[in-house]
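Engineer: Sharing input-v2.txt (compact mmCIF, C-alpha atoms) below.
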```
# COMPACT_ATOMS: atom_id res chain seq x y z
CA MET A 1 -20.11 -34.79 34.94
CA PRO A 2 -16.37 -34.55 34.53
CA THR A 3 -15.05 -36.72 31.75
CA CYS A 4 -11.47 -37.68 31.31
CA VAL A 5 -11.15 -39.63 28.10
CA GLY A 6 -13.49 -38.61 25.32
CA VAL A 7 -13.97 -39.79 21.78
CA GLY A 8 -15.19 -37.43 19.14
CA SER A 9 -14.58 -34.42 17.02
CA PRO A 10 -11.56 -32.24 17.76
CA PRO A 11 -12.09 -29.92 20.70
CA VAL A 12 -12.26 -26.19 20.34
CA MET A 13 -8.74 -25.23 21.31
CA ALA A 14 -8.39 -22.49 23.84
CA GLN A 15 -7.56 -19.23 22.13
CA PRO A 16 -3.90 -18.42 22.70
CA ASN A 17 -3.45 -15.58 25.10
CA ASN A 18 -1.69 -12.88 23.12
CA TYR A 19 -1.82 -10.29 25.84
CA MET A 20 1.52 -8.51 26.04
CA LYS A 21 2.97 -10.77 23.41
CA PRO A 22 3.94 -9.40 20.01
CA VAL A 23 1.62 -10.85 17.40
CA GLY A 24 3.19 -13.52 15.24
CA SER A 25 6.01 -14.29 17.63
CA ASP A 26 4.76 -17.76 18.44
CA THR A 27 7.40 -20.37 17.84
CA ARG A 28 7.15 -22.54 14.77
CA PHE A 29 9.43 -25.24 13.37
CA GLY A 30 8.69 -25.74 9.67
CA ALA A 31 8.41 -29.09 7.94
CA VAL A 32 12.05 -29.08 6.77
CA THR A 33 13.37 -28.09 10.20
CA ARG A 34 15.09 -30.51 12.58
CA VAL A 35 15.75 -29.47 16.18
CA ARG A 36 17.90 -31.48 18.57
CA GLY A 37 18.09 -30.37 22.17
CA ARG A 38 16.08 -28.71 24.89
CA ILE A 39 13.27 -26.26 24.25
CA ASP A 40 11.74 -24.30 27.08
CA GLY A 41 10.06 -21.02 27.91
CA ASP A 42 6.83 -19.05 27.65
CA GLY A 43 4.76 -19.18 24.49
CA ASN A 44 3.08 -21.50 22.06
CA LEU A 45 4.95 -23.87 19.79
CA VAL A 46 3.93 -25.46 16.50
CA VAL A 47 6.10 -28.31 15.25
CA GLU A 48 5.76 -29.34 11.61
CA GLY A 49 9.19 -30.94 11.33
CA ALA A 50 11.31 -33.11 13.60
CA VAL A 51 12.29 -32.60 17.24
CA GLU A 52 14.56 -34.77 19.35
CA GLY A 53 14.94 -33.74 22.97
CA ASN A 54 12.84 -32.18 25.68
CA ILE A 55 10.02 -29.66 25.36
CA SER A 56 8.91 -27.69 28.40
CA LEU A 57 6.48 -24.85 27.68
CA ARG A 58 4.24 -22.48 29.54
CA GLY A 59 1.97 -22.41 26.53
CA ASP A 60 0.23 -24.70 24.07
CA LEU A 61 1.99 -27.22 21.88
CA GLN A 62 0.81 -28.44 18.51
CA LEU A 63 2.50 -31.33 16.72
CA ALA A 64 1.19 -30.86 13.19
CA VAL A 65 0.47 -33.50 10.55
CA GLY A 66 3.79 -34.92 9.36
CA SER A 67 5.73 -33.96 12.47
CA GLU A 68 8.10 -36.51 14.04
CA VAL A 69 8.90 -35.89 17.66
CA THR A 70 10.98 -37.92 20.10
CA ALA A 71 10.70 -35.98 23.32
CA ASP A 72 9.27 -35.77 26.78
CA ILE A 73 6.77 -32.93 26.81
CA GLU A 74 5.45 -30.54 29.43
CA ALA A 75 2.93 -27.94 28.28
CA GLN A 76 -0.59 -26.59 28.75
CA ASP A 77 -2.78 -27.93 25.94
CA VAL A 78 -1.14 -30.47 23.64
CA ASP A 79 -2.61 -31.21 20.21
CA ILE A 80 -0.98 -34.16 18.45
CA GLU A 81 -1.62 -34.80 14.75
CA GLY A 82 1.79 -36.31 13.96
CA THR A 83 4.08 -38.96 15.42
CA LEU A 84 5.27 -38.78 19.02
CA ASP A 85 7.56 -41.07 20.98
CA GLY A 86 7.68 -39.79 24.56
CA ASP A 87 5.72 -38.89 27.66
CA VAL A 88 3.34 -35.97 27.84
CA SER A 89 2.45 -34.04 30.96
CA ALA A 90 -0.18 -31.39 30.22
CA SER A 91 -1.79 -28.99 32.65
CA GLY A 92 -4.68 -28.69 30.21
CA GLN A 93 -5.88 -31.25 27.71
CA VAL A 94 -4.20 -33.67 25.35
CA HIS A 95 -5.81 -34.30 21.97
CA LEU A 96 -4.76 -37.16 19.68
CA GLY A 97 -5.93 -36.38 16.15
CA PRO A 98 -7.10 -38.96 13.60
CA GLY A 99 -3.69 -39.44 11.96
CA SER A 100 -1.61 -39.35 15.12
CA ARG A 101 0.73 -42.12 16.31
CA VAL A 102 1.75 -41.88 19.92
CA ARG A 103 3.87 -44.12 22.12
CA GLY A 104 4.26 -43.00 25.72
CA ALA A 105 2.45 -42.04 28.89
CA LEU A 106 -0.11 -39.25 28.76
CA ARG A 107 -0.88 -37.25 31.86
CA ALA A 108 -3.45 -34.47 31.60
CA SER A 109 -6.63 -33.09 33.10
CA ALA A 110 -8.50 -34.17 29.96
CA ILE A 111 -7.56 -36.55 27.16
CA ILE A 112 -9.35 -36.74 23.81
CA ILE A 113 -8.61 -39.53 21.37
CA ASP A 114 -10.08 -39.30 17.88
CA ASP A 115 -11.11 -42.21 15.71
CA GLY A 116 -8.05 -43.34 13.73
CA ALA A 117 -5.47 -42.28 16.30
CA ARG A 118 -2.89 -44.94 17.18
CA PHE A 119 -1.75 -44.98 20.77
CA ALA A 120 0.38 -47.31 22.86
CA GLY A 121 0.94 -46.35 26.47
CA ARG A 122 -0.64 -45.26 29.68
CA LEU A 123 -3.28 -42.65 30.39
CA GLU A 124 -3.20 -40.83 33.67
CA CYS A 125 -5.97 -38.45 34.36
CA ASP A 126 -7.11 -37.13 37.72
CA PHE A 127 -10.80 -36.41 38.13
CA ASP A 128 -13.53 -36.87 40.71
CA MET A 129 -15.89 -39.78 40.35
CA PRO A 130 -19.61 -39.06 40.82
CA ALA A 131 -20.53 -39.30 44.49
CA GLU A 132 -22.60 -42.48 44.13
CA LEU A 133 -19.70 -44.33 42.49
CA GLU A 134 -17.30 -43.11 45.17
CA GLU A 135 -19.71 -44.55 47.78
CA ARG A 136 -19.86 -47.92 46.09
CA ARG A 137 -16.09 -48.17 45.92
CA ARG A 138 -15.77 -47.91 49.67
CA MET B 1 7.74 -18.28 2.18
CA ALA B 2 7.38 -20.43 5.24
CA SER B 3 9.88 -19.95 7.99
CA THR B 4 10.95 -21.31 11.32
CA VAL B 5 10.40 -18.88 14.19
CA ILE B 6 11.77 -18.88 17.73
CA GLY B 7 9.39 -16.69 19.72
CA VAL B 8 10.10 -14.22 22.49
CA GLY B 9 10.45 -16.06 25.79
CA ILE B 10 11.53 -19.34 24.22
CA THR B 11 14.98 -20.80 24.81
CA ILE B 12 16.43 -23.56 22.68
CA GLU B 13 19.59 -25.33 23.73
CA GLY B 14 20.73 -27.54 20.92
CA GLU B 15 20.90 -27.74 17.20
CA ILE B 16 18.60 -26.43 14.48
CA THR B 17 19.05 -27.69 10.95
CA THR B 18 16.72 -26.53 8.22
CA GLU B 19 16.31 -25.43 4.60
CA GLU B 20 14.04 -22.45 5.17
CA ASP B 21 14.27 -18.96 6.67
CA VAL B 22 14.84 -18.74 10.42
CA VAL B 23 13.68 -15.81 12.54
CA VAL B 24 14.95 -15.57 16.13
CA HIS B 25 13.14 -13.38 18.66
CA GLY B 26 14.09 -15.52 21.67
CA THR B 27 17.24 -17.33 22.77
CA LEU B 28 19.24 -20.01 21.00
CA ARG B 29 22.34 -21.77 22.31
CA GLY B 30 24.10 -24.34 20.20
CA LYS B 31 24.16 -24.41 16.44
CA LEU B 32 22.01 -23.00 13.64
CA GLU B 33 22.25 -24.18 10.07
CA THR B 34 20.06 -23.23 7.12
CA LYS B 35 20.40 -22.85 3.36
CA GLU B 36 18.34 -19.65 3.46
CA HIS B 37 18.05 -16.43 5.48
CA VAL B 38 18.56 -15.96 9.21
CA SER B 39 17.26 -12.89 11.06
CA VAL B 40 18.25 -12.33 14.64
CA GLU B 41 15.80 -9.66 15.77
CA GLN B 42 16.34 -6.92 18.32
CA GLY B 43 16.29 -8.43 21.82
CA ALA B 44 17.17 -11.91 20.58
CA VAL B 45 20.20 -13.71 21.99
CA VAL B 46 22.08 -16.26 19.93
CA GLU B 47 25.08 -18.09 21.31
CA ALA B 48 25.74 -20.35 18.40
CA ASP B 49 27.70 -20.88 15.26
CA VAL B 50 25.49 -19.79 12.40
CA THR B 51 25.65 -21.12 8.86
CA SER B 52 23.29 -19.57 6.31
CA ASN B 53 23.01 -17.95 2.91
CA THR B 54 22.26 -14.49 4.36
CA LEU B 55 22.19 -13.08 7.90
CA MET B 56 20.45 -10.01 9.28
CA LEU B 57 21.57 -9.23 12.84
CA ALA B 58 19.73 -6.72 15.02
CA GLY B 59 20.15 -8.59 18.32
CA THR B 60 23.10 -10.18 20.07
CA LEU B 61 25.17 -12.98 18.55
CA THR B 62 28.14 -14.76 20.07
CA GLY B 63 29.64 -17.29 17.72
CA ASN B 64 31.09 -17.68 14.28
CA VAL B 65 29.10 -16.77 11.21
CA ALA B 66 29.43 -18.32 7.78
CA SER B 67 27.01 -16.80 5.29
CA GLY B 68 27.49 -17.53 1.62
CA GLU B 69 25.97 -14.38 0.22
CA ARG B 70 25.82 -11.54 2.76
CA VAL B 71 25.77 -10.36 6.37
CA ASP B 72 24.01 -7.17 7.51
CA LEU B 73 24.65 -5.80 10.99
CA GLN B 74 21.96 -3.32 12.00
CA SER B 75 22.67 -0.42 14.35
CA SER B 76 21.39 -2.41 17.36
CA ALA B 77 23.54 -5.45 16.56
CA LYS B 78 26.16 -6.89 18.87
CA LEU B 79 28.42 -9.53 17.39
CA VAL B 80 31.32 -11.32 19.03
CA GLY B 81 32.83 -13.81 16.63
CA ASN B 82 34.32 -14.26 13.23
CA VAL B 83 32.45 -13.70 10.00
CA ARG B 84 33.06 -15.43 6.71
CA THR B 85 30.95 -14.07 3.86
CA ALA B 86 30.99 -12.48 0.39
CA ARG B 87 29.39 -9.10 1.28
CA ILE B 88 28.96 -7.34 4.60
CA THR B 89 27.37 -4.12 5.84
CA ILE B 90 27.89 -2.72 9.32
CA ALA B 91 25.50 0.04 10.35
CA ASP B 92 26.53 3.01 12.45
CA GLY B 93 26.15 1.96 16.08
CA ALA B 94 26.65 -1.76 15.56
CA GLN B 95 29.13 -3.40 17.93
CA PHE B 96 31.41 -6.00 16.43
CA LYS B 97 34.41 -7.81 17.83
CA GLY B 98 36.02 -10.38 15.61
CA ASN B 99 37.52 -10.99 12.23
CA VAL B 100 35.98 -10.70 8.80
CA GLU B 101 37.12 -13.15 6.20
CA MET B 102 36.36 -12.28 2.60
CA ASP B 103 37.91 -13.25 -0.70
CA VAL B 104 39.56 -9.99 -1.74
```
Is it possible to give me this structure as structure tokens?

Structural biologist:
Amino acid sequence: MPTCVGVGSPPVMAQPNNYMKPVGSDTRFGAVTRVRGRIDGDGNLVVEGAVEGNISLRGDLQLAVGSEVTADIEAQDVDIEGTLDGDVSASGQVHLGPGSRVRGALRASAIIIDDGARFAGRLECDFDMPAELEERRR
Amino acid sequence: MASTVIGVGITIEGEITTEEDVVVHGTLRGKLETKEHVSVEQGAVVEADVTSNTLMLAGTLTGNVASGERVDLQSSAKLVGNVRTARITIADGAQFKGNVEMDV
């Protein structure tokens, strides 16, 4: 059965696809790094510091513990362990870790919220209801 | 030591301010400021004013550079802009258009 919002242990993140990408060239903003502006392109991004702006990736995004991000986000899988103020649109899944604080609308094909996560906003998640429930709704 | 990395295929338009090393493989437009080392790798494009302690340039940089300690232009480097630093090396093959300001 397809599930949209799940509670539980962190998911096994999809292995990044390193085909034709030099190893170690993933993008990373360290804890003492502040970025203001627009970030886009192909590849994975790990944010440990602060970002203010827009993030649009064809790749996975991780907001690490201690990160502070004010941005609208478009990416594949999004793993949030820090603080986010902004909307997320993920083609894969969104995961809110136990220490995360998120304010904004989440749109994804799967959303996982761990115990301890703080979240204020809307969840949008498209999935098919089981046939019998679909019937009843009509 | 930990560093901030801009990967191949990533474009940042804006401002980066940090206190650790920065390695650019992708594209950066705007401003880059760190107290440590900046490397602009081969294939990277930086259109920004760069402030750092040291700079290694193997890619393309358009903008003014202010590096407290040193600037090294590798043979694949292209730099259009002014440089203010204490020590500079320019490798055979590097392309450089601009002024160098040093205390002589």

Engineer: Which one is closest to Val8 of chain B: B:Asn82, B:Lys35, B:Arg29, B:Ala44? Count all atoms listed in the file.

Structural biologist: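 Closest to Val8 of chain B of all the choices is B:Ala44.
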
Engineer: If the cut-off is 6 Å, can you tell me the residues of chain A near chain B, counting only C-alpha atoms? I'd like them as a ChimeraX atom specification.

Structural biologist: /A:25-30,32-42

Engineer: Put a box with edges along x, y and z around all the listed atoms of segment 85-92 of chain A, pad it by 3 Å on each side, then give me its centre and sizes in Å, one decimal, as AutoDock Vina command-line options.

Structural biologist:
```
--center_x 1.5 --center_y -34.9 --center_z 26.8 --size_x 18.4 --size_y 18.4 --size_z 17.7
```

Engineer: Atom CA of Ala50 of chain A and atom CA of Thr54 of chain B, how far apart in Å?

Structural biologist: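 Those two atoms sit 23.5 Å apart.
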
Engineer: How many Å separate atom CA of Val104 of chain B from atom CA of Arg84 of chain B?

Structural biologist: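 Separation of atom CA of Val104 of chain B and atom CA of Arg84 of chain B: 12.0 Å.
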
Engineer: Neighbours of Ser91 of chain A within 8 Å (all atoms listed in the file; same-chain residues fewer than 3 positions away dropped), as a PyMOL selection string?

Structural biologist: chain A and resi 75-77+108-109

Engineer: Mind pulling up the distance from atom CA of Ile55 of chain A to atom CA of Asp128 of chain A?

Structural biologist: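 For atom CA of Asp128 of chain A relative to atom CA of Ile55 of chain A, the distance reads 29.0 Å.
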
Engineer: Go through segment 11-44 of chain B residue by residue and, counting all atoms listed in the file, keep those with an atom at most 6 Å from segment 57-78 of chain B; for each kept residue give the shortest atom pair and its distance in Å to one decimal, ordered by chain and increasing number, as a tab-separated table.

Structural biologist:
```
residue	atom	partner	partner_atom	distance
B:Ser39	CA	B:Leu57	CA	5.9
B:Val40	CA	B:Leu57	CA	4.9
B:Glu41	CA	B:Ala58	CA	5.0
B:Gln42	CA	B:Gly59	CA	4.2
B:Gly43	CA	B:Gly59	CA	5.2
B:Ala44	CA	B:Gly59	CA	5.0
```

Engineer: Mind listing as a PyMOL selection string all residues within 7 Å of (36.5, -14.7, 0.1), counting all atoms listed in the file?

Structural biologist: chain B and resi 85-86+101-104

Engineer: Generate the coordinates of N, CA, C and O atoms for segment 54-69 of chain B; report them as a CSV table (one decimal), in the frame of the given file.

Structural biologist:
```csv
chain,number,residue,atom,x,y,z
B,54,THR,N,22.2,-15.9,4.0
B,54,THR,CA,22.3,-14.5,4.4
B,54,THR,C,21.9,-14.4,5.8
B,54,THR,O,21.2,-15.2,6.4
B,55,LEU,N,22.5,-13.3,6.5
B,55,LEU,CA,22.2,-13.1,7.9
B,55,LEU,C,21.9,-11.6,8.1
B,55,LEU,O,22.6,-10.7,7.7
B,56,MET,N,20.8,-11.3,8.8
B,56,MET,CA,20.4,-10.0,9.3
B,56,MET,C,20.5,-10.0,10.8
B,56,MET,O,19.8,-10.8,11.4
B,57,LEU,N,21.4,-9.2,11.4
B,57,LEU,CA,21.6,-9.2,12.8
B,57,LEU,C,21.2,-7.9,13.4
B,57,LEU,O,21.7,-6.8,13.1
B,58,ALA,N,20.1,-7.9,14.3
B,58,ALA,CA,19.7,-6.7,15.0
B,58,ALA,C,19.8,-7.0,16.5
B,58,ALA,O,19.7,-6.0,17.3
B,59,GLY,N,20.0,-8.2,16.9
B,59,GLY,CA,20.2,-8.6,18.3
B,59,GLY,C,21.6,-8.9,18.7
B,59,GLY,O,22.5,-8.3,18.1
B,60,THR,N,21.8,-9.8,19.6
B,60,THR,CA,23.1,-10.2,20.1
B,60,THR,C,23.5,-11.6,19.6
B,60,THR,O,22.7,-12.5,19.7
B,61,LEU,N,24.7,-11.7,19.0
B,61,LEU,CA,25.2,-13.0,18.6
B,61,LEU,C,26.6,-13.2,19.0
B,61,LEU,O,27.5,-12.4,18.8
B,62,THR,N,26.8,-14.3,19.7
B,62,THR,CA,28.1,-14.8,20.1
B,62,THR,C,28.4,-16.1,19.4
B,62,THR,O,27.7,-17.1,19.6
B,63,GLY,N,29.4,-16.1,18.5
B,63,GLY,CA,29.6,-17.3,17.7
B,63,GLY,C,30.2,-16.9,16.3
B,63,GLY,O,30.2,-15.8,16.0
B,64,ASN,N,30.6,-17.9,15.6
B,64,ASN,CA,31.1,-17.7,14.3
B,64,ASN,C,30.0,-17.7,13.2
B,64,ASN,O,29.1,-18.5,13.3
B,65,VAL,N,30.1,-16.9,12.3
B,65,VAL,CA,29.1,-16.8,11.2
B,65,VAL,C,29.7,-17.2,9.9
B,65,VAL,O,30.8,-16.6,9.5
B,66,ALA,N,29.0,-18.0,9.1
B,66,ALA,CA,29.4,-18.3,7.8
B,66,ALA,C,28.2,-18.2,6.9
B,66,ALA,O,27.3,-19.0,7.0
B,67,SER,N,28.2,-17.1,6.2
B,67,SER,CA,27.0,-16.8,5.3
B,67,SER,C,27.5,-16.6,3.9
B,67,SER,O,28.3,-15.7,3.6
B,68,GLY,N,27.0,-17.5,3.0
B,68,GLY,CA,27.5,-17.5,1.6
B,68,GLY,C,27.4,-16.2,0.9
B,68,GLY,O,28.3,-15.7,0.3
B,69,GLU,N,26.2,-15.6,1.0
B,69,GLU,CA,26.0,-14.4,0.2
B,69,GLU,C,26.3,-13.1,0.9
B,69,GLU,O,27.1,-12.3,0.5
```
